[in-house]
Amino acid sequence: MQNKKTITLTFFGMLLLLIAIVLSVTYGTKSVGLSDIIDAVLSRNTSAYNVNVVRARIPRTLFGLIAGASLGISGLLMQSITKNPIADPSILGVNTGAALFIVTGIAFFHIQSKPAYIGLSFVGAMLTTGFVYKLASLGYGGPSPIKLAISGAATSTALSSIISLIVMPDSSVMTTYRFWQVGSIGGASNEDILWILPFFILALIVSLSLSDQLNTLLLSEETSISLGLHVNRTKALAALCGVILCATTTAMAGPISFVGLMVPHVIRMLIGSNHFPLILLSGIYGSSVLLLSDILGRIFGRPGELESGIMTALIGAPVFILIIRRAKVASL
Amino acid sequence: MQQNHHLIADHLSAGYGEKTILNDVTLHIPHQKISVILGSNGSGKSTLLKTFCRLLSPTEGNIMLDGKSLPTMKSKDIARTIGLLPQSSVAPEGIKVAELVSRGRFPYRKFMSPLTSEDYAAIEEAMAAMEITDLADRSIEELSGGQRQRVFIALALAQQTDILFLDEPTTYLDIAYQIEILDLLKELNHCKHTTIVMVLHDINLSSKYADYIFAMKNGHLIKEGTPEEIITADTIHDIYGINSLVIPDPLSKSPFVIPISSHDAAKGIS
């Protein structure tokens with residue numbers, strides 16, 4: 001019903017994403033020109049220095065693309081499931097849960113392989129999601145948005161202390177953890193991308209196929225049930241997708257906050273609550289925001305660079321405050 | 001489209017947790033009529049309605065639709081026959097009226113496909129029946145309480161069910177909106193022969209609009225019948241524990257209840 005806005009926003013998003021992609025491969029400590037990109041893409045002139053710079057930045061860009069989209073969609077799913085405008089993987093403690101498991105892996109089992117990171121991250125994220133949901137369900141009235149946010153924050157704080165407990169005594173673990181924990185897309189390799197791509201595609205397809213169900217879920221629970229929606233099945237499937245998306249990204253890049261919170265929120269404000277376009281646009285704008293944050297990190301961190309996780313937090317915090325001020329209603 | 005549906009509660013008990021609220025109720029929803037469930041607070045009337053609408057599972061007994069027990073049927077098939085307007089409805093922020101009403105088509109939607117012409121026809125018809133066609137492009141926040149309630153009823157109508165349950169559809173509305181909503185429901189029952197079952201608090205409005213009344217007390221169905229049979233001083237006393245004077249409504253001739261307060265008694269009026 002709001003097709004015009006959706007089309008405009010899609011067009012603008014694609015344009016923004018394209019600009020972000022081009023900037024991401026050209027801009028940095030060593031800047032290159034457009035012709036070098038074309039050469040690199042066409043595998044021409046492969047010995048030239050600039051062409052190799054571009055080729056080195058391609059995995060980082062591709063990874064940022066997938067990670068940003070994953071975070072945006074993951075945040076959207078969590079907001080819809082919990083009917084809570086301030087839900088996202090970091091607020092609900094899901095990222096911290098993933099982090100705890102990865103740290104445990106690093107410290108006690110000396111994990112190094114990417115599948116081990118992804119596996120542990122997924123288990124940690126899944127368990128934390130279940131725990132936070134159960135905790136919020138205690139007492140009268142079930143898991144209300146406020147109770148979810150509070151249980152998420154409490155759980156996250158508790159898990160963070162356990163992480164510190166594991167990390168502090170061991171300087172080698174500390175070093176590994178430190179670089180993983182700030183959230184950087186800079187270290188991504190082609191292999192990393194191949195690991196997370198299947199998960200991303202699977203979760204994206206399942207989420208899109210759930211759009212009608214998610215639209216119905218946003219009505220009251222009574223109405224959803226009387227419309228014939230399997231409420232629990234829908235929530236479980238969508239939560240699984242959300243957790244897969246954020247766990248794979250977190251495993252590779254560390255916890256990146258605020259993308260999952262602000263992107264879906266702003267898109268929802270602009271186009272309403274139809275999930276099919278919401279999912280796609282949260283993905284497109286999630287990618288753009290993460291890539292642009294990464295580029296800003298390269299600008300502000302010169303001659304080195306600031307991790308994208310720091311940049312998203314810097315940009316995201318003020319937006320978060322705005323959202324909270326707007327969302328006094330505390331529900332969708 | 002209107003079929004002869006039989007909806008029956010068969011020795012039905014239900015409640016929350018350990019607490020049984022509804023106790024061994026057996027009743028048959030009158031076909032193509034407007035029925036009202038009356039009862040004091042905590043009498044089980046809302047629980048009865050919630051159990052009919054699958055919001056609560058029976059602890060004992062069954063709800064039978066056309067001879068089949070509800071849990072054995074497909075969720076969407078039930079949703080094409082039984083609709084519900086819950087006590088309080090929720091709309092996503094910023095949603096437009098027409099889009100909200102279109103959500104009522106969920107039980108008919110095919111996997112991953114856009115709305116069909118049938119869907120659009122049902123949405124238009126539902127909006128016309130609730131007289132909200134002009135509001136189609138307005139967002140839900142801009143509407144008055146009465147308009148909003150009509151939008152939510154239209155959502156349930158777009159579901160095109162032969163049976164429609166409404167849980168206190170007039171609560172929070174002033175008398176003008178109450179009459180407006182009940183008139184629209186009466187119209188719906190008259191034109192589309194929709195079977196309507198609702199919980200109402202107002203005895204006189206129930207008497208005016210209902211074809212049939214179920215009287216509940218302490219989780220039991222204590223009496224059922226036409227308003228003339230149920231709205232008597234004795235039954236009102238049984239349900240609510242108050243004394244009253246029942247006179248015929250000068251306009252509709254339906255029974256009209258005047259509650260007697262202790263002050264009236266002191267003045268020696270009764």
# chains A, B, ... in the order shown; residues from 1 in each chain; ligands from 1

$ interface_residues --of "chain A" --to "chain B" --cutoff "8 Å" --atoms "only C-alpha atoms" --output "MDAnalysis selection string"
chainID A and resid 1 209 212 215:216 218:220 222:223 225:230 269 272:273 332

$ select_by_dssp --residues "segment 111-328 of chain A" --states "alpha helix (DSSP H)" --output "VMD selection string"
chain A and resid 114 to 137 145 to 167 171 to 181 190 to 209 211 to 217 221 to 226 231 to 253 259 to 271 275 to 300 308 to 326

$ residues_around --residues "Ile196 of chain A" --least-positions-apart "2" --cutoff "10 Å" --atoms "only C-alpha atoms" --output "JSON, numbers by chain"
{"A": [63, 66, 67, 70, 114, 115, 118, 191, 192, 193, 194, 198, 199, 200, 201, 244, 245, 247, 248, 249, 251, 252]}

$ write_last_selection --atoms "N, CA and C atoms" --output "PDB file, in the first residue's frame"
ATOM      1  N   PHE A  63      32.538  -9.220   2.720  1.00  0.00           N
ATOM      2  CA  PHE A  63      32.183  -9.634   4.065  1.00  0.00           C
ATOM      3  C   PHE A  63      31.309  -8.570   4.741  1.00  0.00           C
ATOM      4  N   ILE A  66      27.727  -8.865   3.516  1.00  0.00           N
ATOM      5  CA  ILE A  66      26.951  -9.961   4.113  1.00  0.00           C
ATOM      6  C   ILE A  66      26.709  -9.690   5.596  1.00  0.00           C
ATOM      7  N   ALA A  67      27.763  -9.252   6.296  1.00  0.00           N
ATOM      8  CA  ALA A  67      27.639  -9.036   7.743  1.00  0.00           C
ATOM      9  C   ALA A  67      26.618  -7.943   8.041  1.00  0.00           C
ATOM     10  N   SER A  70      23.181  -9.227   7.389  1.00  0.00           N
ATOM     11  CA  SER A  70      22.809 -10.189   8.435  1.00  0.00           C
ATOM     12  C   SER A  70      22.369  -9.469   9.696  1.00  0.00           C
ATOM     13  N   LYS A 114      37.605 -21.623  11.570  1.00  0.00           N
ATOM     14  CA  LYS A 114      36.378 -20.838  11.409  1.00  0.00           C
ATOM     15  C   LYS A 114      35.131 -21.636  11.764  1.00  0.00           C
ATOM     16  N   PRO A 115      35.019 -22.914  11.293  1.00  0.00           N
ATOM     17  CA  PRO A 115      33.805 -23.661  11.673  1.00  0.00           C
ATOM     18  C   PRO A 115      33.652 -23.776  13.178  1.00  0.00           C
ATOM     19  N   ILE A 118      32.196 -20.522  14.353  1.00  0.00           N
ATOM     20  CA  ILE A 118      30.771 -20.425  13.999  1.00  0.00           C
ATOM     21  C   ILE A 118      29.931 -21.339  14.867  1.00  0.00           C
ATOM     22  N   GLU A 191      37.881 -17.229   2.445  1.00  0.00           N
ATOM     23  CA  GLU A 191      37.433 -18.463   3.085  1.00  0.00           C
ATOM     24  C   GLU A 191      36.296 -18.159   4.079  1.00  0.00           C
ATOM     25  N   ASP A 192      36.486 -17.061   4.840  1.00  0.00           N
ATOM     26  CA  ASP A 192      35.447 -16.664   5.802  1.00  0.00           C
ATOM     27  C   ASP A 192      34.116 -16.477   5.099  1.00  0.00           C
ATOM     28  N   ILE A 193      34.182 -15.817   3.948  1.00  0.00           N
ATOM     29  CA  ILE A 193      32.946 -15.526   3.221  1.00  0.00           C
ATOM     30  C   ILE A 193      32.258 -16.814   2.806  1.00  0.00           C
ATOM     31  N   LEU A 194      33.062 -17.769   2.322  1.00  0.00           N
ATOM     32  CA  LEU A 194      32.473 -19.042   1.909  1.00  0.00           C
ATOM     33  C   LEU A 194      31.819 -19.755   3.080  1.00  0.00           C
ATOM     34  N   PRO A 198      26.533 -19.580   2.935  1.00  0.00           N
ATOM     35  CA  PRO A 198      25.384 -20.505   2.920  1.00  0.00           C
ATOM     36  C   PRO A 198      24.390 -20.231   4.045  1.00  0.00           C
ATOM     37  N   PHE A 199      24.921 -19.922   5.239  1.00  0.00           N
ATOM     38  CA  PHE A 199      24.031 -19.621   6.365  1.00  0.00           C
ATOM     39  C   PHE A 199      23.191 -18.386   6.065  1.00  0.00           C
ATOM     40  N   PHE A 200      23.868 -17.388   5.480  1.00  0.00           N
ATOM     41  CA  PHE A 200      23.177 -16.141   5.165  1.00  0.00           C
ATOM     42  C   PHE A 200      22.037 -16.389   4.171  1.00  0.00           C
ATOM     43  N   ILE A 201      22.353 -17.114   3.087  1.00  0.00           N
ATOM     44  CA  ILE A 201      21.342 -17.350   2.050  1.00  0.00           C
ATOM     45  C   ILE A 201      20.165 -18.134   2.618  1.00  0.00           C
ATOM     46  N   ILE A 244      20.921 -17.400  13.742  1.00  0.00           N
ATOM     47  CA  ILE A 244      21.921 -17.844  12.757  1.00  0.00           C
ATOM     48  C   ILE A 244      22.636 -16.631  12.164  1.00  0.00           C
ATOM     49  N   LEU A 245      21.850 -15.626  11.762  1.00  0.00           N
ATOM     50  CA  LEU A 245      22.432 -14.454  11.113  1.00  0.00           C
ATOM     51  C   LEU A 245      23.410 -13.725  12.030  1.00  0.00           C
ATOM     52  N   ALA A 247      24.805 -14.900  14.852  1.00  0.00           N
ATOM     53  CA  ALA A 247      25.884 -15.756  15.373  1.00  0.00           C
ATOM     54  C   ALA A 247      27.005 -15.923  14.352  1.00  0.00           C
ATOM     55  N   THR A 248      26.664 -16.100  13.076  1.00  0.00           N
ATOM     56  CA  THR A 248      27.727 -16.279  12.076  1.00  0.00           C
ATOM     57  C   THR A 248      28.537 -14.997  11.943  1.00  0.00           C
ATOM     58  N   THR A 249      27.834 -13.859  11.916  1.00  0.00           N
ATOM     59  CA  THR A 249      28.549 -12.594  11.791  1.00  0.00           C
ATOM     60  C   THR A 249      29.438 -12.360  13.001  1.00  0.00           C
ATOM     61  N   ALA A 251      30.696 -14.547  15.016  1.00  0.00           N
ATOM     62  CA  ALA A 251      31.824 -15.479  15.038  1.00  0.00           C
ATOM     63  C   ALA A 251      32.993 -14.938  14.234  1.00  0.00           C
ATOM     64  N   MET A 252      32.701 -14.303  13.099  1.00  0.00           N
ATOM     65  CA  MET A 252      33.758 -13.853  12.197  1.00  0.00           C
ATOM     66  C   MET A 252      34.284 -12.481  12.573  1.00  0.00           C
TER      67      MET A 252
END

$ atom_distance --atom1 "atom CA of Gly187 of chain A" --atom2 "atom CA of Asp88 of chain A"
24.2 Å

$ residues_around --residues "Glu124 of chain B" --least-positions-apart "5" --cutoff "9 Å" --atoms "only C-alpha atoms" --output "list in words"
Ala98, Asp119, Ala129, Thr133 and Ala158 of chain B

$ closest_residue --among "A:Gly309, A:Pro303, A:Gly152, A:Gly72" --to "Gly93 of chain A" --atoms "only C-alpha atoms"
A:Gly152

$ atom_distance --atom1 "atom CA of Leu9 of chain A" --atom2 "atom CA of Arg138 of chain B"
21.0 Å

$ closest_residue --among "A:Leu278, A:Leu159, A:Met168, A:Ala87" --to "Pro145 of chain A" --atoms "only C-alpha atoms"
A:Ala87

$ atom_distance --atom1 "atom CA of Ala154 of chain A" --atom2 "atom CA of Asn95 of chain A"
13.3 Å

$ select_by_dssp --residues "segment 41-167 of chain B" --states "strand (DSSP E)" --output "PyMOL selection string"
chain B and resi 60-65+68-69+82-85+163-167

$ write_last_selection --atoms "C-alpha atoms" --output "PDB file, in the first residue's frame"
ATOM      1  CA  GLU B  60     -11.787 -31.291  29.827  1.00  0.00           C
ATOM      2  CA  GLY B  61     -14.399 -31.736  27.153  1.00  0.00           C
ATOM      3  CA  ASN B  62     -14.346 -30.561  23.561  1.00  0.00           C
ATOM      4  CA  ILE B  63     -15.326 -27.850  21.153  1.00  0.00           C
ATOM      5  CA  MET B  64     -16.906 -29.477  18.128  1.00  0.00           C
ATOM      6  CA  LEU B  65     -17.198 -27.740  14.765  1.00  0.00           C
ATOM      7  CA  LYS B  68     -15.034 -32.541  14.441  1.00  0.00           C
ATOM      8  CA  SER B  69     -13.043 -31.606  17.511  1.00  0.00           C
ATOM      9  CA  ILE B  82     -14.518 -18.830  13.095  1.00  0.00           C
ATOM     10  CA  GLY B  83     -13.348 -15.214  13.505  1.00  0.00           C
ATOM     11  CA  LEU B  84     -12.655 -13.170  16.615  1.00  0.00           C
ATOM     12  CA  LEU B  85     -12.547  -9.569  17.707  1.00  0.00           C
ATOM     13  CA  ILE B 163     -19.194 -17.371  12.767  1.00  0.00           C
ATOM     14  CA  LEU B 164     -17.845 -14.261  14.488  1.00  0.00           C
ATOM     15  CA  PHE B 165     -16.983 -13.956  18.175  1.00  0.00           C
ATOM     16  CA  LEU B 166     -16.593 -10.531  19.787  1.00  0.00           C
ATOM     17  CA  ASP B 167     -15.185 -10.020  23.265  1.00  0.00           C
TER      18      ASP B 167
END
